[in-house]
file work12.pdb (PDB, C-alpha atoms)
ATOM      1  CA  MET H1141     106.586  96.434 145.672
ATOM      2  CA  SER H1142     109.235  98.756 147.129
ATOM      3  CA  LEU H1143     108.977 102.530 146.909
ATOM      4  CA  GLN H1144     111.770 102.708 144.319
ATOM      5  CA  GLU H1145     110.025 100.075 142.207
ATOM      6  CA  GLN H1146     106.803 102.091 142.444
ATOM      7  CA  ILE H1147     108.662 105.214 141.318
ATOM      8  CA  ARG H1148     110.201 103.399 138.331
ATOM      9  CA  SER H1149     106.863 101.860 137.382
ATOM     10  CA  ASN H1150     105.196 105.243 137.651
ATOM     11  CA  LEU H1151     107.839 106.832 135.427
ATOM     12  CA  VAL H1152     107.144 104.265 132.698
ATOM     13  CA  ARG H1153     103.377 104.722 132.951
ATOM     14  CA  SER H1154     103.770 108.501 133.021
ATOM     15  CA  ALA H1155     105.926 108.400 129.884
ATOM     16  CA  LEU H1156     103.223 106.384 128.113
ATOM     17  CA  VAL H1157     100.554 108.881 129.157
ATOM     18  CA  VAL H1158     102.680 111.817 127.963
ATOM     19  CA  MET H1159     103.160 110.023 124.629
ATOM     20  CA  ALA H1160      99.387 109.604 124.429
ATOM     21  CA  PHE H1161      99.040 113.351 125.042
ATOM     22  CA  ILE H1162     101.461 114.036 122.173
ATOM     23  CA  VAL H1163      99.514 111.719 119.857
ATOM     24  CA  LEU H1164      96.275 113.454 120.852
ATOM     25  CA  VAL H1165      97.688 116.930 120.168
ATOM     26  CA  ALA H1166      99.138 115.774 116.832
ATOM     27  CA  SER H1167      95.829 114.176 115.818
ATOM     28  CA  LEU H1168      93.870 117.307 116.665
ATOM     29  CA  THR H1169      96.412 119.400 114.738
ATOM     30  CA  LEU H1170      95.970 117.195 111.659
ATOM     31  CA  VAL H1171      92.184 117.484 111.872
ATOM     32  CA  ILE H1172      92.477 121.275 112.089
ATOM     33  CA  TRP H1173      94.876 121.373 109.129
ATOM     34  CA  TYR H1174      92.658 119.248 106.871
ATOM     35  CA  ALA H1175      89.344 120.691 108.034
ATOM     36  CA  LEU H1176      90.137 124.385 107.811
ATOM     37  CA  ASP H1177      91.630 126.840 105.401
ATOM     38  CA  PRO H1178      95.459 126.708 105.849
ATOM     39  CA  SER H1179      95.671 130.350 106.926
ATOM     40  CA  ILE H1180      93.070 129.799 109.668
ATOM     41  CA  ALA H1181      94.726 126.542 110.735
ATOM     42  CA  LEU H1182      98.061 128.363 111.029
ATOM     43  CA  ILE H1183      96.500 131.059 113.203
ATOM     44  CA  ILE H1184      94.988 128.425 115.517
ATOM     45  CA  ALA H1185      98.352 126.645 115.753
ATOM     46  CA  ILE H1186     100.148 129.888 116.646
ATOM     47  CA  ILE H1187      97.526 130.747 119.278
ATOM     48  CA  GLY H1188      97.718 127.246 120.779
ATOM     49  CA  ILE H1189     101.527 127.216 120.938
ATOM     50  CA  SER H1190     101.695 130.744 122.377
ATOM     51  CA  TYR H1191      99.096 129.910 125.006
ATOM     52  CA  GLY H1192     100.938 126.711 125.943
ATOM     53  CA  VAL H1193     104.352 128.365 126.279
ATOM     54  CA  PHE H1194     102.958 131.248 128.342
ATOM     55  CA  SER H1195     100.962 128.913 130.593
ATOM     56  CA  TYR H1196     103.903 126.584 131.203
ATOM     57  CA  PHE H1197     106.428 129.257 132.170
ATOM     58  CA  SER H1198     103.985 131.248 134.308
ATOM     59  CA  ALA H1199     102.173 128.241 135.795
ATOM     60  CA  GLY H1200     103.380 128.731 139.375
ATOM     61  CA  ARG H1201     102.331 132.378 139.525
ATOM     62  CA  LEU H1202      99.000 131.655 137.840
ATOM     63  CA  VAL H1203      98.132 128.857 140.271
ATOM     64  CA  ALA H1204      99.001 131.043 143.277
ATOM     65  CA  SER H1205      96.855 133.834 141.885
ATOM     66  CA  VAL H1206      93.872 131.566 141.231
ATOM     67  CA  ALA H1207      94.164 129.989 144.698
ATOM     68  CA  HIS H1208      94.612 133.393 146.403
ATOM     69  CA  ALA H1209      97.843 132.064 147.946
ATOM     70  CA  LYS H1210     100.226 134.568 149.536
ATOM     71  CA  PRO H1211     103.828 134.113 150.755
ATOM     72  CA  VAL H1212     104.070 133.665 154.508
ATOM     73  CA  THR H1213     106.941 133.964 156.993
ATOM     74  CA  LYS H1214     107.914 131.771 159.908
ATOM     75  CA  GLY H1215     106.824 134.505 162.275
ATOM     76  CA  GLU H1216     103.324 134.466 160.792
ATOM     77  CA  GLN H1217     102.875 130.682 160.486
ATOM     78  CA  PRO H1218     105.557 129.020 162.620
ATOM     79  CA  GLU H1219     104.040 125.503 162.648
ATOM     80  CA  LEU H1220     103.521 125.377 158.883
ATOM     81  CA  VAL H1221     106.908 126.819 157.949
ATOM     82  CA  ARG H1222     108.676 124.579 160.467
ATOM     83  CA  ALA H1223     106.918 121.539 158.981
ATOM     84  CA  VAL H1224     108.056 122.499 155.462
ATOM     85  CA  GLU H1225     111.635 123.038 156.669
ATOM     86  CA  ASN H1226     111.743 119.703 158.516
ATOM     87  CA  MET H1227     110.195 117.679 155.699
ATOM     88  CA  SER H1228     112.445 119.298 153.090
ATOM     89  CA  ILE H1229     115.513 118.232 155.066
ATOM     90  CA  ALA H1230     114.106 114.718 155.608
ATOM     91  CA  ALA H1231     113.362 114.393 151.875
ATOM     92  CA  GLY H1232     116.886 115.469 150.942
ATOM     93  CA  LEU H1233     115.884 118.584 149.015
ATOM     94  CA  THR H1234     118.714 121.025 148.380
ATOM     95  CA  ARG H1235     116.325 123.941 148.802
ATOM     96  CA  THR H1236     113.445 124.569 151.183
ATOM     97  CA  PRO H1237     110.443 125.564 149.064
ATOM     98  CA  PRO H1238     108.801 128.907 149.849
ATOM     99  CA  VAL H1239     105.625 128.613 151.901
ATOM    100  CA  TYR H1240     102.302 130.172 150.877
ATOM    101  CA  ILE H1241      99.136 130.520 152.920
ATOM    102  CA  ILE H1242      95.546 130.619 151.679
ATOM    103  CA  ASP H1243      93.051 132.376 153.918
ATOM    104  CA  ASP H1244      90.325 129.757 153.659
ATOM    105  CA  PRO H1245      88.615 127.627 156.357
ATOM    106  CA  ALA H1246      88.571 124.534 154.109
ATOM    107  CA  PRO H1247      91.539 122.266 154.978
ATOM    108  CA  ASN H1248      93.702 121.584 151.932
ATOM    109  CA  ALA H1249      97.206 122.013 150.526
ATOM    110  CA  PHE H1250      99.126 121.759 147.267
ATOM    111  CA  ALA H1251     102.569 122.087 145.724
ATOM    112  CA  ALA H1252     103.114 123.930 142.460
ATOM    113  CA  GLY H1253     105.896 125.031 140.152
ATOM    114  CA  ARG H1254     107.703 123.728 137.094
ATOM    115  CA  LYS H1255     110.681 122.188 138.918
ATOM    116  CA  PRO H1256     112.108 121.806 142.443
ATOM    117  CA  SER H1257     114.118 125.018 142.116
ATOM    118  CA  ASP H1258     111.001 127.168 141.714
ATOM    119  CA  ALA H1259     108.340 125.043 143.429
ATOM    120  CA  TYR H1260     106.459 126.126 146.553
ATOM    121  CA  VAL H1261     104.107 124.602 149.121
ATOM    122  CA  ALA H1262     100.748 126.211 149.878
ATOM    123  CA  ALA H1263      98.266 125.374 152.621
ATOM    124  CA  THR H1264      94.995 126.836 153.816
ATOM    125  CA  THR H1265      94.480 128.376 157.233
ATOM    126  CA  GLY H1266      91.827 125.708 157.713
ATOM    127  CA  LEU H1267      94.432 122.950 157.310
ATOM    128  CA  VAL H1268      96.783 124.530 159.857
ATOM    129  CA  ALA H1269      93.919 124.923 162.323
ATOM    130  CA  LEU H1270      92.605 121.361 161.877
ATOM    131  CA  MET H1271      95.835 119.331 162.006
ATOM    132  CA  ASP H1272      98.143 118.737 164.932
ATOM    133  CA  GLN H1273     101.864 119.062 164.227
ATOM    134  CA  ARG H1274     102.309 115.367 163.471
ATOM    135  CA  GLU H1275      99.455 115.330 160.959
ATOM    136  CA  LEU H1276     100.558 118.642 159.463
ATOM    137  CA  GLU H1277     103.998 117.174 158.804
ATOM    138  CA  GLY H1278     102.334 114.186 157.102
ATOM    139  CA  VAL H1279     100.431 116.489 154.756
ATOM    140  CA  VAL H1280     103.507 118.617 154.072
ATOM    141  CA  ALA H1281     105.581 115.490 153.405
ATOM    142  CA  HIS H1282     103.008 114.481 150.778
ATOM    143  CA  GLU H1283     103.441 117.832 149.031
ATOM    144  CA  ILE H1284     107.229 117.717 149.371
ATOM    145  CA  SER H1285     107.063 114.272 147.728
ATOM    146  CA  HIS H1286     105.374 115.805 144.688
ATOM    147  CA  ILE H1287     108.306 118.204 144.434
ATOM    148  CA  ARG H1288     111.013 115.587 145.013
ATOM    149  CA  ASN H1289     109.425 113.124 142.569
ATOM    150  CA  ARG H1290     109.177 115.849 139.888
ATOM    151  CA  ASP H1291     105.387 115.507 139.894
ATOM    152  CA  VAL H1292     104.923 119.272 139.838
ATOM    153  CA  ARG H1293     106.598 119.523 136.422
ATOM    154  CA  LEU H1294     104.656 116.621 134.949
ATOM    155  CA  MET H1295     101.287 117.767 136.271
ATOM    156  CA  THR H1296     101.995 121.334 135.133
ATOM    157  CA  LEU H1297     102.760 120.001 131.648
ATOM    158  CA  ALA H1298      99.593 117.882 131.691
ATOM    159  CA  ALA H1299      97.461 120.839 132.760
ATOM    160  CA  VAL H1300      98.985 123.005 130.020
ATOM    161  CA  LEU H1301      98.362 120.331 127.364
ATOM    162  CA  VAL H1302      94.761 119.944 128.514
ATOM    163  CA  GLY H1303      94.327 123.704 128.213
ATOM    164  CA  VAL H1304      95.933 123.810 124.756
ATOM    165  CA  ILE H1305      93.733 120.965 123.500
ATOM    166  CA  ALA H1306      90.583 122.591 124.894
ATOM    167  CA  LEU H1307      91.513 125.947 123.333
ATOM    168  CA  MET H1308      92.338 124.445 119.924
ATOM    169  CA  ALA H1309      89.152 122.351 119.946
ATOM    170  CA  ASP H1310      87.084 125.438 120.757
ATOM    171  CA  LEU H1311      88.726 127.444 117.961
ATOM    172  CA  LEU H1312      88.206 124.528 115.554
ATOM    173  CA  MET H1313      84.503 124.432 116.377
ATOM    174  CA  ARG H1314      84.076 128.182 115.950
ATOM    175  CA  ALA H1315      85.980 128.233 112.648
ATOM    176  CA  SER H1316      83.971 125.257 111.319
ATOM    177  CA  LEU H1317      80.651 126.844 112.220
ATOM    178  CA  PHE H1318      81.548 130.200 110.694
ATOM    179  CA  GLY H1319      82.755 128.996 107.322
ATOM    180  CA  GLY H1320      86.448 128.446 107.874
ATOM    181  CA  GLY H1321      86.591 125.235 105.811
ATOM    182  CA  ARG H1322      88.924 124.714 102.875
ATOM    183  CA  ARG H1323      87.863 126.440  99.670
ATOM    184  CA  ASP H1324      89.366 123.763  97.414
ATOM    185  CA  ARG H1325      86.785 121.130  98.363
ATOM    186  CA  ASN H1326      83.254 120.551  97.198
ATOM    187  CA  ASN H1327      80.312 120.841  99.564
ATOM    188  CA  GLU H1328      80.194 117.095 100.222
ATOM    189  CA  SER H1329      83.864 116.976 101.285
ATOM    190  CA  ASN H1330      83.465 120.064 103.435
ATOM    191  CA  GLY H1331      80.420 118.504 105.076
ATOM    192  CA  LEU H1332      82.370 115.347 105.926
ATOM    193  CA  MET H1333      85.254 117.339 107.381
ATOM    194  CA  THR H1334      82.800 119.384 109.448
ATOM    195  CA  ILE H1335      81.447 116.158 110.954
ATOM    196  CA  ILE H1336      84.999 114.966 111.687
ATOM    197  CA  ALA H1337      85.832 118.343 113.221
ATOM    198  CA  ILE H1338      82.784 118.227 115.499
ATOM    199  CA  ALA H1339      83.732 114.703 116.604
ATOM    200  CA  ALA H1340      87.269 115.913 117.354
ATOM    201  CA  VAL H1341      85.907 118.864 119.327
ATOM    202  CA  ILE H1342      83.959 116.462 121.555
ATOM    203  CA  ILE H1343      86.454 113.620 121.878
ATOM    204  CA  ALA H1344      89.763 115.488 122.221
ATOM    205  CA  PRO H1345      89.064 117.496 125.419
ATOM    206  CA  ILE H1346      87.441 114.497 127.122
ATOM    207  CA  SER H1347      90.390 112.280 126.221
ATOM    208  CA  ALA H1348      92.823 114.935 127.468
ATOM    209  CA  VAL H1349      91.081 115.210 130.837
ATOM    210  CA  LEU H1350      91.018 111.414 131.232
ATOM    211  CA  LEU H1351      94.760 111.269 130.530
ATOM    212  CA  GLN H1352      95.345 114.008 133.074
ATOM    213  CA  MET H1353      93.288 112.139 135.650
ATOM    214  CA  ALA H1354      95.244 108.935 135.007
ATOM    215  CA  LEU H1355      98.470 110.792 135.793
ATOM    216  CA  SER H1356      97.057 112.565 138.838
ATOM    217  CA  ARG H1357      95.544 109.498 140.550
ATOM    218  CA  ARG H1358      98.684 107.384 140.271
ATOM    219  CA  ARG H1359     100.848 110.175 141.587
ATOM    220  CA  GLU H1360      98.656 110.674 144.643
ATOM    221  CA  TYR H1361      99.250 107.069 145.693
ATOM    222  CA  LEU H1362     102.987 107.445 145.103
ATOM    223  CA  ALA H1363     103.143 110.731 147.024
ATOM    224  CA  ASP H1364     101.369 109.062 149.968
ATOM    225  CA  ALA H1365     103.944 106.244 149.963
ATOM    226  CA  SER H1366     106.815 108.725 149.625
ATOM    227  CA  ALA H1367     105.451 110.838 152.483
ATOM    228  CA  ALA H1368     105.331 107.764 154.712
ATOM    229  CA  GLU H1369     108.979 107.065 153.816
ATOM    230  CA  ILE H1370     110.032 110.668 154.510
ATOM    231  CA  THR H1371     108.339 110.889 157.912
ATOM    232  CA  GLY H1372     108.685 107.245 158.921
ATOM    233  CA  ASP H1373     105.126 107.699 160.200
ATOM    234  CA  PRO H1374     102.445 106.556 157.713
ATOM    235  CA  GLU H1375      99.821 106.733 160.444
ATOM    236  CA  ALA H1376     100.206 110.514 160.652
ATOM    237  CA  LEU H1377      99.221 110.958 157.003
ATOM    238  CA  ALA H1378      96.411 108.415 157.330
ATOM    239  CA  LEU H1379      94.984 110.350 160.278
ATOM    240  CA  ALA H1380      95.308 113.594 158.331
ATOM    241  CA  LEU H1381      93.501 112.111 155.308
ATOM    242  CA  ALA H1382      90.712 110.869 157.583
ATOM    243  CA  LYS H1383      90.285 114.381 158.965
ATOM    244  CA  LEU H1384      90.205 115.804 155.438
ATOM    245  CA  GLY H1385      87.535 113.288 154.455
ATOM    246  CA  ASN H1386      85.470 114.180 157.497
ATOM    247  CA  ASP H1387      85.528 117.925 156.793
ATOM    248  CA  ARG H1388      83.000 119.109 154.220
ATOM    249  CA  THR H1389      83.936 122.802 154.131
ATOM    250  CA  PRO H1390      84.047 123.901 150.450
ATOM    251  CA  LEU H1391      87.189 125.593 149.172
ATOM    252  CA  GLN H1392      86.371 129.141 148.129
ATOM    253  CA  HIS H1393      88.765 129.653 145.219
ATOM    254  CA  VAL H1394      89.382 126.666 142.963
ATOM    255  CA  THR H1395      88.984 125.759 139.306
ATOM    256  CA  ARG H1396      88.976 122.453 137.437
ATOM    257  CA  ALA H1397      92.372 123.431 136.005
ATOM    258  CA  THR H1398      93.976 123.554 139.487
ATOM    259  CA  ALA H1399      91.907 120.935 141.370
ATOM    260  CA  HIS H1400      94.346 118.098 140.610
ATOM    261  CA  LEU H1401      97.137 119.864 142.524
ATOM    262  CA  TYR H1402      95.513 119.628 145.958
ATOM    263  CA  ILE H1403      96.153 116.800 148.423
ATOM    264  CA  GLU H1404      92.424 116.115 148.544
ATOM    265  CA  SER H1405      89.992 116.886 145.738
ATOM    266  CA  PRO H1406      88.283 120.247 146.338
ATOM    267  CA  LEU H1407      85.609 119.277 143.774
ATOM    268  CA  ARG H1408      84.505 116.010 145.381
ATOM    269  CA  ASP H1409      81.084 117.329 146.414
ATOM    270  CA  ASN H1410      80.072 118.531 142.955
ATOM    271  CA  VAL H1411      76.664 117.387 141.865
ATOM    272  CA  GLY H1412      75.046 116.824 138.509
ATOM    273  CA  LEU H1413      76.504 115.027 135.498
ATOM    274  CA  ARG H1414      80.048 114.906 136.829
ATOM    275  CA  SER H1415      79.035 113.258 140.103
ATOM    276  CA  SER H1416      76.825 110.749 138.302
ATOM    277  CA  LEU H1417      79.678 109.305 136.217
ATOM    278  CA  GLY H1418      81.051 107.101 138.964
ATOM    279  CA  GLY H1419      84.145 109.202 139.637
ATOM    280  CA  MET H1420      85.447 108.888 136.066
ATOM    281  CA  PHE H1421      86.504 112.547 136.059
ATOM    282  CA  ASP H1422      87.712 112.700 139.672
ATOM    283  CA  THR H1423      91.201 114.117 140.037
ATOM    284  CA  HIS H1424      92.035 111.943 143.067
ATOM    285  CA  PRO H1425      91.605 108.320 144.114
ATOM    286  CA  PRO H1426      89.126 107.737 146.969
ATOM    287  CA  LEU H1427      90.422 108.830 150.369
ATOM    288  CA  GLU H1428      89.293 105.519 151.858
ATOM    289  CA  GLU H1429      91.548 103.590 149.466
ATOM    290  CA  ARG H1430      94.495 105.885 150.145
ATOM    291  CA  ILE H1431      94.045 105.410 153.900
ATOM    292  CA  HIS H1432      93.694 101.642 153.450
ATOM    293  CA  ARG H1433      96.991 101.464 151.542
ATOM    294  CA  LEU H1434      98.779 103.405 154.278
ATOM    295  CA  GLU H1435      97.270 101.115 156.922
ATOM    296  CA  GLU H1436      98.428  98.034 155.033
ATOM    297  CA  ALA H1437     101.935  99.429 154.570
ATOM    298  CA  GLY H1438     102.267 100.468 158.233
ATOM    299  CA  GLY H1439     100.403  97.591 159.849
ATOM    300  CA  PHE H1440      97.938  99.716 161.796
ATOM    301  CA  ASP H1441      94.250 100.627 161.823
ATOM    302  CA  ILE H1442      93.126 104.148 162.508
ATOM    303  CA  PRO H1443      89.822 104.835 164.303
ATOM    304  CA  ASP H1444      86.986 106.549 162.497
ATOM    305  CA  PRO H1445      87.308 110.321 162.979
ATOM    306  CA  GLU H1446      84.948 112.085 165.328
ATOM    307  CA  PRO H1447      82.232 114.043 163.487
ATOM    308  CA  LEU H1448      83.131 117.706 163.207
ATOM    309  CA  PRO H1449      80.818 120.275 164.836
ATOM    310  CA  GLN H1450      78.314 121.767 162.409
TER     311      GLN H1450
END

call {"tool": "encode", "arguments": {"input": "work12.pdb", "output": "structure tokens"}}
result
Amino acid sequence: MSLQEQIRSNLVRSALVVMAFIVLVASLTLVIWYALDPSIALIIAIIGISYGVFSYFSAGRLVASVAHAKPVTKGEQPELVRAVENMSIAAGLTRTPPVYIIDDPAPNAFAAGRKPSDAYVAATTGLVALMDQRELEGVVAHEISHIRNRDVRLMTLAAVLVGVIALMADLLMRASLFGGGRRDRNNESNGLMTIIAIAAVIIAPISAVLLQMALSRRREYLADASAAEITGDPEALALALAKLGNDRTPLQHVTRATAHLYIESPLRDNVGLRSSLGGMFDTHPPLEERIHRLEEAGGFDIPDPEPLPQ
């Protein structure tokens, strides 16, 4: 399948996932309306909408703040800024995205923003130190691909919808527990709606996260393929991904809400329930599979990376 065919296929799948998000939000809204007193339901709806609008339009600034990312100049980080400039030109962007740096030894990078005109590329000091210029350009090309393919807008929207659903589900639970049910029902009806509300509180956020993960995983594969097309050097990205997989340094500032933005999952080493679910809630496909796809596309095999010094 050609890159353009992959992009078209991804657009169709993404549209279906967004429609599923809309159905999920509508279903949760209906549960809230029928389970709670109308005045309380209206308050929850207003809070959810306000939170969503604010989060969407301030997403870029919020992500930079959470990640502790700061704008950087070419004089301060010449290799990184040069890589962003070169890959932006190669990708055909009309604007070179601003470059942000994160003072963190863990190698990682992400792109954020609602649209190409306000998107930016951020990388850690650990990434710049670990990669040579060829590999750094492969990583940057991956992030530029997210901007060119409009992934940043879609993933921002998905993250906002996940947050809105989680917030509304939490408010539904609190209102149900503290007597916010409809007054025009008997105790038996209120009891049934409480059970339905509790089920919605459990199912809705999990379903939202799974939908978000479905979007994120597919777009990582597509961004890898797009990066290989931009650079004409799929081996560079494969080598970079192998280095990322070999480095176990934990990222200092990351949340589950922003983890899906990074080129490599910063939450991969989590333990407990999440790690025991077979990767069901992972934001990224396995690095080994991503490397394998690049090797197949480019007709090469990269050596296993040398173990990093402890």

call {"tool": "resolve_selection", "arguments": {"input": "work12.pdb", "expression": "the PyMOL selection byres ((chain H and resi 1262) around 12)", "output": "PyMOL selection string"}}
result
chain H and resi 1200+1203-1205+1207-1212+1217+1220-1221+1223-1224+1237-1244+1247-1253+1259-1261+1263-1268+1279-1280+1282-1284+1401-1403

call {"tool": "residues_near_point", "arguments": {"input": "work12.pdb", "point": "(97.4, 120.6, 112.7)", "cutoff": "10 Å", "atoms": "only C-alpha atoms", "output": "number ranges by chain"}}
result
H: 1165-1176, 1178, 1181-1182, 1184-1185, 1308

call {"tool": "resolve_selection", "arguments": {"input": "work12.pdb", "expression": "the PyMOL selection byres ((chain H and resi 1383) around 12)", "output": "NGL selection string"}}
result
:H and (1246-1248 or 1266-1267 or 1269-1272 or 1275-1276 or 1279 or 1376-1382 or 1384-1389 or 1404 or 1427-1428 or 1431 or 1442-1448)

call {"tool": "atom_distance", "arguments": {"input": "work12.pdb", "atom1": "atom CA of Leu1391 of chain H", "atom2": "atom CA of Asn1289 of chain H"}}
result
26.3 Å

call {"tool": "residues_around", "arguments": {"input": "work12.pdb", "residues": "Ile1162 of chain H", "least_positions_apart": "2", "cutoff": "12 Å", "atoms": "all atoms listed in the file", "output": "list in words"}}
result
Ala1155, Leu1156, Val1157, Val1158, Met1159, Ala1160, Leu1164, Val1165, Ala1166, Ser1167, Leu1168, Thr1169, Leu1297, Ala1298, Leu1301, Val1302, Val1304, Ile1305, Ala1344, Ser1347, Ala1348 and Leu1351 of chain H

call {"tool": "resolve_selection", "arguments": {"input": "work12.pdb", "expression": "the PyMOL selection byres ((chain H and resi 1395) around 10)", "output": "MDAnalysis selection string"}}
result
chainID H and resid 1203 1206:1207 1392:1394 1396:1400 1406:1407

call {"tool": "atom_distance", "arguments": {"input": "work12.pdb", "atom1": "atom CA of Leu1202 of chain H", "atom2": "atom CA of Ala1315 of chain H"}}
result
28.6 Å

call {"tool": "axis_aligned_box", "arguments": {"input": "work12.pdb", "around": "segment 1383-1399 of chain H", "padding_each_side": "4 Å", "output": "JSON"}}
result
{"center_x": 88.5, "center_y": 121.5, "center_z": 147.5, "size_x": 19.0, "size_y": 24.4, "size_z": 31.0}

call {"tool": "closest_residue", "arguments": {"input": "work12.pdb", "among": "H:Arg1235, H:Gly1303, H:Glu1277, H:Thr1296", "to": "Ser1190 of chain H", "atoms": "all atoms listed in the file"}}
result
H:Gly1303

call {"tool": "atom_distance", "arguments": {"input": "work12.pdb", "atom1": "atom CA of Ser1285 of chain H", "atom2": "atom CA of Ala1231 of chain H"}}
result
7.5 Å

call {"tool": "build_atoms", "arguments": {"input": "work12.pdb", "residues": "segment 1183-1197 of chain H", "atoms": "N, CA, C and O atoms", "output": "PDB file, in the coordinates of the input"}}
result
ATOM      1  N   ILE H1183      96.812 130.127 112.109  1.00  0.00           N
ATOM      2  CA  ILE H1183      96.500 131.059 113.203  1.00  0.00           C
ATOM      3  C   ILE H1183      96.162 130.297 114.475  1.00  0.00           C
ATOM      4  O   ILE H1183      96.633 130.632 115.570  1.00  0.00           O
ATOM      5  N   ILE H1184      95.358 129.228 114.352  1.00  0.00           N
ATOM      6  CA  ILE H1184      94.988 128.425 115.517  1.00  0.00           C
ATOM      7  C   ILE H1184      96.231 127.772 116.123  1.00  0.00           C
ATOM      8  O   ILE H1184      96.392 127.726 117.349  1.00  0.00           O
ATOM      9  N   ALA H1185      97.128 127.272 115.260  1.00  0.00           N
ATOM     10  CA  ALA H1185      98.352 126.645 115.753  1.00  0.00           C
ATOM     11  C   ALA H1185      99.213 127.650 116.514  1.00  0.00           C
ATOM     12  O   ALA H1185      99.753 127.337 117.589  1.00  0.00           O
ATOM     13  N   ILE H1186      99.341 128.854 115.983  1.00  0.00           N
ATOM     14  CA  ILE H1186     100.148 129.888 116.646  1.00  0.00           C
ATOM     15  C   ILE H1186      99.540 130.260 117.996  1.00  0.00           C
ATOM     16  O   ILE H1186     100.248 130.386 119.004  1.00  0.00           O
ATOM     17  N   ILE H1187      98.210 130.413 118.024  1.00  0.00           N
ATOM     18  CA  ILE H1187      97.526 130.747 119.278  1.00  0.00           C
ATOM     19  C   ILE H1187      97.731 129.632 120.304  1.00  0.00           C
ATOM     20  O   ILE H1187      98.040 129.890 121.478  1.00  0.00           O
ATOM     21  N   GLY H1188      97.568 128.374 119.869  1.00  0.00           N
ATOM     22  CA  GLY H1188      97.718 127.246 120.779  1.00  0.00           C
ATOM     23  C   GLY H1188      99.125 127.141 121.345  1.00  0.00           C
ATOM     24  O   GLY H1188      99.317 126.948 122.554  1.00  0.00           O
ATOM     25  N   ILE H1189     100.137 127.291 120.488  1.00  0.00           N
ATOM     26  CA  ILE H1189     101.527 127.216 120.938  1.00  0.00           C
ATOM     27  C   ILE H1189     101.849 128.365 121.888  1.00  0.00           C
ATOM     28  O   ILE H1189     102.479 128.167 122.941  1.00  0.00           O
ATOM     29  N   SER H1190     101.425 129.571 121.528  1.00  0.00           N
ATOM     30  CA  SER H1190     101.695 130.744 122.377  1.00  0.00           C
ATOM     31  C   SER H1190     101.051 130.592 123.746  1.00  0.00           C
ATOM     32  O   SER H1190     101.674 130.875 124.781  1.00  0.00           O
ATOM     33  N   TYR H1191      99.809 130.115 123.743  1.00  0.00           N
ATOM     34  CA  TYR H1191      99.096 129.910 125.006  1.00  0.00           C
ATOM     35  C   TYR H1191      99.820 128.859 125.856  1.00  0.00           C
ATOM     36  O   TYR H1191      99.996 129.032 127.073  1.00  0.00           O
ATOM     37  N   GLY H1192     100.255 127.766 125.216  1.00  0.00           N
ATOM     38  CA  GLY H1192     100.938 126.711 125.943  1.00  0.00           C
ATOM     39  C   GLY H1192     102.249 127.169 126.556  1.00  0.00           C
ATOM     40  O   GLY H1192     102.537 126.883 127.724  1.00  0.00           O
ATOM     41  N   VAL H1193     103.054 127.883 125.784  1.00  0.00           N
ATOM     42  CA  VAL H1193     104.352 128.365 126.279  1.00  0.00           C
ATOM     43  C   VAL H1193     104.156 129.332 127.438  1.00  0.00           C
ATOM     44  O   VAL H1193     104.821 129.231 128.487  1.00  0.00           O
ATOM     45  N   PHE H1194     103.221 130.270 127.273  1.00  0.00           N
ATOM     46  CA  PHE H1194     102.958 131.248 128.342  1.00  0.00           C
ATOM     47  C   PHE H1194     102.470 130.548 129.600  1.00  0.00           C
ATOM     48  O   PHE H1194     102.933 130.841 130.713  1.00  0.00           O
ATOM     49  N   SER H1195     101.530 129.611 129.438  1.00  0.00           N
ATOM     50  CA  SER H1195     100.962 128.913 130.593  1.00  0.00           C
ATOM     51  C   SER H1195     102.019 128.105 131.324  1.00  0.00           C
ATOM     52  O   SER H1195     102.043 128.069 132.554  1.00  0.00           O
ATOM     53  N   TYR H1196     102.900 127.440 130.573  1.00  0.00           N
ATOM     54  CA  TYR H1196     103.903 126.584 131.203  1.00  0.00           C
ATOM     55  C   TYR H1196     104.889 127.401 132.031  1.00  0.00           C
ATOM     56  O   TYR H1196     105.191 127.057 133.176  1.00  0.00           O
ATOM     57  N   PHE H1197     105.393 128.496 131.469  1.00  0.00           N
ATOM     58  CA  PHE H1197     106.428 129.257 132.170  1.00  0.00           C
ATOM     59  C   PHE H1197     105.870 130.158 133.267  1.00  0.00           C
ATOM     60  O   PHE H1197     106.622 130.611 134.130  1.00  0.00           O
TER      61      PHE H1197
END
